[in-house]
$ cat protein-v7.txt   # compact mmCIF, C-alpha atoms
# COMPACT_ATOMS: atom_id res chain seq x y z
CA MET A 1 27.31 -55.96 -96.95
CA LYS A 2 27.42 -58.62 -94.22
CA HIS A 3 24.49 -60.96 -93.61
CA LEU A 4 23.73 -61.80 -89.98
CA ASN A 5 21.57 -64.85 -89.37
CA PHE A 6 19.82 -65.26 -86.00
CA ILE A 7 18.78 -68.68 -84.69
CA VAL A 8 16.16 -67.86 -82.06
CA GLU A 9 14.29 -69.82 -79.43
CA GLY A 10 10.73 -68.70 -80.10
CA SER A 11 8.25 -66.25 -81.54
CA SER A 12 9.09 -63.45 -79.06
CA GLU A 13 12.74 -63.47 -80.02
CA GLU A 14 11.93 -63.75 -83.72
CA ALA A 15 9.65 -60.71 -83.60
CA PHE A 16 12.17 -58.76 -81.53
CA VAL A 17 14.95 -59.42 -84.03
CA LYS A 18 12.78 -58.46 -86.99
CA ASP A 19 11.14 -55.38 -85.47
CA VAL A 20 13.90 -53.96 -83.26
CA LEU A 21 17.29 -55.32 -84.27
CA GLU A 22 16.81 -55.54 -88.03
CA PRO A 23 16.25 -51.76 -88.53
CA HIS A 24 19.22 -50.99 -86.29
CA PHE A 25 21.61 -53.26 -88.16
CA ARG A 26 20.29 -52.22 -91.55
CA SER A 27 21.39 -48.68 -90.69
CA ILE A 28 25.00 -49.91 -90.47
CA ASN A 29 24.77 -52.07 -93.61
CA VAL A 30 24.27 -55.42 -91.92
CA TYR A 31 21.40 -57.46 -93.37
CA VAL A 32 19.52 -59.49 -90.74
CA SER A 33 17.54 -62.70 -91.04
CA ALA A 34 15.91 -64.68 -88.22
CA ARG A 35 14.33 -68.08 -87.86
CA LYS A 36 13.19 -70.25 -85.00
CA ILE A 37 15.06 -73.40 -84.08
CA ARG A 38 13.90 -76.44 -85.99
CA THR A 39 12.95 -79.00 -83.36
CA GLY A 40 11.56 -81.83 -85.45
CA TRP A 41 8.72 -82.54 -87.85
CA ASP A 42 5.08 -81.48 -87.48
CA ARG A 43 3.32 -84.58 -88.84
CA LEU A 44 -0.15 -83.04 -88.52
CA ASN A 45 0.72 -80.11 -90.81
CA ASN A 46 3.49 -81.90 -92.71
CA LYS A 47 6.13 -79.23 -92.11
CA PRO A 48 9.13 -78.59 -89.84
CA ALA A 49 8.29 -77.98 -86.18
CA LYS A 50 9.94 -74.83 -84.92
CA GLY A 51 10.41 -73.01 -81.64
CA GLY A 52 11.33 -74.04 -78.13
CA LEU A 53 14.47 -75.80 -77.05
CA LEU A 54 14.18 -79.11 -75.24
CA LYS A 55 17.42 -80.74 -76.38
CA TYR A 56 20.71 -79.03 -77.11
CA ILE A 57 21.31 -81.18 -80.21
CA GLN A 58 18.28 -79.56 -81.86
CA PHE A 59 19.92 -76.16 -81.57
CA ARG A 60 23.33 -77.40 -82.65
CA ASN A 61 21.98 -79.23 -85.67
CA ASP A 62 19.98 -76.24 -86.84
CA VAL A 63 22.92 -73.85 -86.54
CA LEU A 64 25.14 -76.21 -88.50
CA ARG A 65 22.37 -76.82 -91.05
CA TRP A 66 22.11 -73.08 -91.75
CA ILE A 67 25.89 -72.69 -91.96
CA LYS A 68 26.13 -75.59 -94.40
CA SER A 69 23.34 -74.19 -96.60
CA ASP A 70 25.34 -70.98 -97.11
CA ARG A 71 28.28 -72.97 -98.51
CA ALA A 72 30.98 -71.18 -96.48
CA ASN A 73 30.19 -67.81 -98.04
CA PRO A 74 32.24 -65.30 -95.95
CA ILE A 75 29.55 -62.61 -96.04
CA PHE A 76 27.33 -64.75 -93.77
CA TRP A 77 27.65 -64.58 -89.98
CA TYR A 78 25.57 -66.38 -87.40
CA THR A 79 24.35 -65.74 -83.89
CA SER A 80 21.76 -67.03 -81.45
CA MET A 81 19.14 -65.67 -79.10
CA ILE A 82 18.17 -68.35 -76.60
CA ASP A 83 17.32 -68.24 -72.89
CA LEU A 84 19.42 -69.38 -69.97
CA TYR A 85 16.14 -70.21 -68.24
CA ALA A 86 15.39 -73.87 -69.00
CA PHE A 87 18.54 -74.19 -71.15
CA PRO A 88 18.98 -77.91 -71.94
CA LYS A 89 21.05 -79.82 -69.42
CA ASP A 90 21.13 -83.14 -71.26
CA ASP A 91 24.27 -85.22 -71.77
CA LEU A 92 25.09 -83.53 -75.09
CA SER A 93 24.71 -80.01 -73.73
CA PRO A 94 27.81 -77.89 -73.04
CA TYR A 95 26.03 -76.57 -69.93
CA SER A 96 28.30 -78.55 -67.64
CA ASP A 97 28.03 -78.99 -63.89
CA ALA A 98 31.04 -76.72 -63.51
CA ILE A 99 29.27 -73.93 -65.39
CA LYS A 100 26.01 -74.48 -63.51
CA SER A 101 27.87 -74.07 -60.22
CA ILE A 102 29.09 -70.56 -61.05
CA ASN A 103 27.19 -68.11 -58.86
CA ASP A 104 27.87 -64.85 -60.66
CA PRO A 105 25.39 -64.71 -63.59
CA TYR A 106 27.74 -62.78 -65.86
CA GLN A 107 30.61 -65.20 -65.31
CA LYS A 108 28.22 -68.11 -65.79
CA ILE A 109 26.83 -66.80 -69.07
CA ASP A 110 30.30 -66.00 -70.43
CA ALA A 111 31.43 -69.54 -69.62
CA LEU A 112 28.35 -71.08 -71.24
CA GLU A 113 28.66 -68.98 -74.40
CA SER A 114 32.34 -69.92 -74.68
CA ALA A 115 31.41 -73.59 -74.33
CA ILE A 116 28.74 -73.26 -77.03
CA ALA A 117 31.20 -71.50 -79.35
CA GLN A 118 33.69 -74.33 -78.84
CA ASN A 119 30.98 -76.92 -79.44
CA ILE A 120 29.73 -75.33 -82.69
CA ASP A 121 33.33 -74.58 -83.72
CA HIS A 122 32.74 -72.10 -86.52
CA PRO A 123 34.66 -68.81 -86.82
CA ARG A 124 31.61 -66.78 -87.87
CA PHE A 125 29.24 -68.02 -85.18
CA ILE A 126 28.73 -65.69 -82.18
CA PRO A 127 26.58 -67.36 -79.51
CA TYR A 128 24.30 -65.31 -77.28
CA VAL A 129 22.33 -66.63 -74.32
CA GLN A 130 19.84 -64.28 -72.70
CA LEU A 131 20.06 -63.61 -68.98
CA HIS A 132 17.78 -65.17 -67.90
CA GLU A 133 15.00 -65.03 -70.47
CA PHE A 134 13.38 -62.64 -72.95
CA GLU A 135 11.09 -61.10 -70.31
CA ALA A 136 14.09 -59.52 -68.59
CA PHE A 137 13.68 -56.82 -71.24
CA LEU A 138 10.19 -55.99 -69.98
CA LEU A 139 11.52 -55.56 -66.45
CA VAL A 140 13.79 -52.79 -67.69
CA ASP A 141 10.71 -50.57 -67.52
CA PRO A 142 7.62 -52.40 -66.23
CA ASP A 143 5.54 -49.23 -66.52
CA ARG A 144 5.52 -49.78 -70.29
CA LEU A 145 3.30 -52.82 -69.75
CA ILE A 146 0.45 -50.34 -69.37
CA LEU A 147 0.58 -50.08 -73.17
CA MET A 148 -0.96 -53.56 -73.41
CA TYR A 149 -2.72 -53.70 -70.04
CA PRO A 150 -4.32 -50.26 -69.58
CA ASP A 151 -6.59 -51.49 -66.77
CA GLN A 152 -3.85 -53.27 -64.82
CA GLN A 153 -1.93 -50.45 -63.14
CA SER A 154 -2.37 -52.12 -59.77
CA GLY A 155 -0.77 -55.33 -61.02
CA ILE A 156 2.07 -53.40 -62.61
CA ASN A 157 2.72 -51.55 -59.35
CA ARG A 158 2.87 -54.85 -57.46
CA LEU A 159 5.27 -56.23 -60.07
CA LYS A 160 7.50 -53.19 -59.60
CA ARG A 161 7.53 -53.68 -55.83
CA ASN A 162 8.37 -57.34 -56.36
CA ILE A 163 11.45 -56.68 -58.47
CA GLY A 164 12.55 -53.60 -56.50
CA ASN A 165 15.94 -52.35 -57.64
CA LYS A 166 17.13 -55.66 -59.07
CA ASP A 167 19.09 -55.54 -62.30
CA PRO A 168 16.89 -57.08 -65.02
CA GLU A 169 19.60 -59.49 -66.18
CA LYS A 170 20.18 -60.73 -62.62
CA ILE A 171 16.55 -61.74 -61.98
CA ASN A 172 16.95 -65.45 -61.62
CA GLU A 173 15.91 -68.53 -63.52
CA SER A 174 13.81 -70.31 -60.90
CA GLU A 175 10.55 -71.76 -62.15
CA HIS A 176 8.78 -69.53 -59.64
CA SER A 177 10.79 -66.32 -59.88
CA ALA A 178 12.07 -66.06 -63.45
CA PRO A 179 11.10 -62.79 -65.18
CA SER A 180 8.11 -64.26 -67.02
CA LYS A 181 6.84 -65.95 -63.86
CA ARG A 182 6.90 -62.65 -61.98
CA ILE A 183 4.98 -60.90 -64.75
CA ILE A 184 2.39 -63.66 -64.94
CA LYS A 185 1.92 -63.57 -61.17
CA TYR A 186 0.65 -59.99 -61.33
CA LEU A 187 -0.60 -59.90 -64.94
CA PRO A 188 -2.03 -63.41 -65.53
CA ASP A 189 -3.18 -62.64 -69.08
CA TYR A 190 0.45 -62.37 -70.12
CA GLU A 191 0.88 -66.15 -69.95
CA ASN A 192 -1.13 -66.69 -73.15
CA GLN A 193 0.01 -63.46 -74.80
CA LYS A 194 3.80 -63.68 -74.49
CA ALA A 195 4.58 -63.87 -78.18
CA GLN A 196 2.41 -60.84 -78.99
CA VAL A 197 2.87 -58.62 -75.93
CA GLY A 198 6.55 -59.19 -75.12
CA PRO A 199 8.10 -57.92 -78.36
CA LEU A 200 5.74 -54.92 -78.51
CA VAL A 201 6.62 -53.79 -74.99
CA ALA A 202 10.34 -54.34 -75.58
CA GLU A 203 10.11 -52.28 -78.76
CA ASP A 204 8.30 -49.53 -76.84
CA ILE A 205 11.05 -49.47 -74.21
CA GLY A 206 13.56 -49.04 -77.01
CA LEU A 207 16.92 -50.50 -77.92
CA SER A 208 18.92 -47.71 -76.24
CA GLU A 209 17.30 -48.25 -72.84
CA LEU A 210 17.56 -52.02 -73.13
CA ARG A 211 21.27 -51.69 -73.81
CA ARG A 212 21.74 -49.26 -70.94
CA LYS A 213 20.10 -51.54 -68.38
CA CYS A 214 21.31 -54.91 -69.73
CA PRO A 215 25.12 -54.99 -69.99
CA HIS A 216 25.38 -58.55 -71.29
CA PHE A 217 22.87 -57.77 -74.03
CA ASN A 218 24.71 -54.54 -74.82
CA ALA A 219 28.06 -56.34 -75.10
CA TRP A 220 26.53 -58.75 -77.63
CA ILE A 221 25.00 -55.97 -79.74
CA THR A 222 28.29 -54.05 -79.63
CA ARG A 223 30.16 -57.10 -80.90
CA LEU A 224 27.65 -57.61 -83.72
CA GLU A 225 27.91 -53.95 -84.71
CA GLU A 226 31.57 -54.53 -85.49
CA LEU A 227 30.43 -56.53 -88.52
CA GLY A 228 29.31 -53.26 -90.07
CA ASN A 229 32.80 -51.79 -89.97
$ encode --input "protein-v7.txt" --output "structure tokens"
Amino acid sequence: MKHLNFIVEGSSEEAFVKDVLEPHFRSINVYVSARKIRTGWDRLNNKPAKGGLLKYIQFRNDVLRWIKSDRANPIFWYTSMIDLYAFPKDDLSPYSDAIKSINDPYQKIDALESAIAQNIDHPRFIPYVQLHEFEAFLLVDPDRLILMYPDQQSGINRLKRNIGNKDPEKINESEHSAPSKRIIKYLPDYENQKAQVGPLVAEDIGLSELRRKCPHFNAWITRLEELGN
């Protein structure tokens, strides 16, 4: 049995991996584990601080830390689930100006993932960067938001008109028009409920529909499924 370890950006991704992806991969004999990126030390609670991604080196160090802890055991594979939205652009980040200038989102994300793979430089690490953030999943079927907001049909309808026929993965990464910003505009309560609401709605939409509407996500899942062969 292969072991697939996910380094994730935050609580939404962690819950999604555990509740949606873990059962799927277990069915093909791939054991899944997930943990949030270690970003420093929480002095108040005297424990590692986890979640969020402000500097690329935090992500890189945590991936390499996990790989090292497994002592090169070939049954362990590694992947990531981090957002393109607000991806670190510091001097140590592989998100170069050349990659940023690519207009086509699918070409851009392929180039960034290739750069991350080269930077981590480990044969069993498969990077994944979400186009453009986790909330793209919710825009696959915004009507499912009624599950958590039963009195907000009007807001959901306005959200649907706002996104129109746009492909969920192509909804951009602007601070005003990223997927989460659009949801918050019409459903303000979502801003403080992301970690709870997002994974539940994505799970309700279902892995099959997410894969059908999100080709980059589907390509990643398809590649990971090969570990079960």
$ atom_distance --input "protein-v7.txt" --atom1 "CA of Asp62 (chain A)" --atom2 "CA of Arg38 (chain A)"
6.1 Å
$ atom_distance --input "protein-v7.txt" --atom1 "CA of Lys2 (chain A)" --atom2 "CA of Asn119 (chain A)"
23.8 Å
$ closest_residue --input "protein-v7.txt" --among "A:Phe137, A:Tyr56, A:Tyr85, A:Tyr31" --to "Lys213 (chain A)" --atoms "all atoms listed in the file"
A:Phe137
$ atom_distance --input "protein-v7.txt" --atom1 "CA of Leu92 (chain A)" --atom2 "CA of Ile116 (chain A)"
11.1 Å
$ residues_near_point --input "protein-v7.txt" --point "(1.1, -50.3, -72.8)" --cutoff "12 Å" --atoms "only C-alpha atoms" --output "list of chain:residue names"
A:Leu138, A:Asp141, A:Pro142, A:Asp143, A:Arg144, A:Leu145, A:Ile146, A:Leu147, A:Met148, A:Tyr149, A:Pro150, A:Asp151, A:Gln152, A:Gln153, A:Ile156, A:Val197, A:Gly198, A:Pro199, A:Leu200, A:Val201, A:Ala202, A:Glu203, A:Asp204, A:Ile205
$ closest_residue --input "protein-v7.txt" --among "A:Leu139, A:Phe6, A:Ala219, A:Glu209" --to "Lys181 (chain A)" --atoms "all atoms listed in the file"
A:Leu139
$ residues_around --input "protein-v7.txt" --residues "Ala178 (chain A)" --least-positions-apart "6" --cutoff "8 Å" --atoms "all atoms listed in the file" --output "list in words"
Tyr85, His132, Glu133, Ile171 and Asn172 of chain A
$ closest_residue --input "protein-v7.txt" --among "A:Leu112, A:Ile82, A:Ile120, A:Val129" --to "Arg60 (chain A)" --atoms "only C-alpha atoms"
A:Ile120
$ closest_residue --input "protein-v7.txt" --among "A:Met81, A:Val63, A:Leu159, A:Ile75" --to "Ser12 (chain A)" --atoms "only C-alpha atoms"
A:Met81
$ residues_near_point --input "protein-v7.txt" --point "(16.4, -58.1, -88.3)" --cutoff "9 Å" --atoms "all atoms listed in the file" --output "mmCIF file with C-alpha atoms, keeping the file's coordinate frame"
data_model
loop_
_atom_site.group_PDB
_atom_site.id
_atom_site.type_symbol
_atom_site.label_atom_id
_atom_site.label_comp_id
_atom_site.auth_asym_id
_atom_site.auth_seq_id
_atom_site.Cartn_x
_atom_site.Cartn_y
_atom_site.Cartn_z
ATOM 1 C CA LEU A 4 23.730 -61.800 -89.980
ATOM 2 C CA ASN A 5 21.570 -64.850 -89.370
ATOM 3 C CA PHE A 6 19.820 -65.260 -86.000
ATOM 4 C CA GLU A 14 11.930 -63.750 -83.720
ATOM 5 C CA ALA A 15 9.650 -60.710 -83.600
ATOM 6 C CA PHE A 16 12.170 -58.760 -81.530
ATOM 7 C CA VAL A 17 14.950 -59.420 -84.030
ATOM 8 C CA LYS A 18 12.780 -58.460 -86.990
ATOM 9 C CA ASP A 19 11.140 -55.380 -85.470
ATOM 10 C CA VAL A 20 13.900 -53.960 -83.260
ATOM 11 C CA LEU A 21 17.290 -55.320 -84.270
ATOM 12 C CA GLU A 22 16.810 -55.540 -88.030
ATOM 13 C CA PRO A 23 16.250 -51.760 -88.530
ATOM 14 C CA HIS A 24 19.220 -50.990 -86.290
ATOM 15 C CA PHE A 25 21.610 -53.260 -88.160
ATOM 16 C CA ARG A 26 20.290 -52.220 -91.550
ATOM 17 C CA TYR A 31 21.400 -57.460 -93.370
ATOM 18 C CA VAL A 32 19.520 -59.490 -90.740
ATOM 19 C CA SER A 33 17.540 -62.700 -91.040
ATOM 20 C CA ALA A 34 15.910 -64.680 -88.220
#
$ closest_residue --input "protein-v7.txt" --among "A:Tyr186, A:Phe134, A:Phe125, A:Phe59" --to "Pro74 (chain A)" --atoms "all atoms listed in the file"
A:Phe125
$ closest_residue --input "protein-v7.txt" --among "A:Ser69, A:Asn218, A:Ser101, A:Thr79" --to "Glu113 (chain A)" --atoms "all atoms listed in the file"
A:Thr79
$ axis_aligned_box --input "protein-v7.txt" --around "region 189-208 of chain A" --padding-each-side "5 Å" --output "JSON"
{"center_x": 7.9, "center_y": -57.2, "center_z": -74.0, "size_x": 32.1, "size_y": 29.0, "size_z": 19.9}
$ residues_around --input "protein-v7.txt" --residues "His122 (chain A)" --least-positions-apart "5" --cutoff "10 Å" --atoms "only C-alpha atoms" --output "list in words"
Val63, Leu64, Ile67, Trp77, Tyr78 and Ala117 of chain A
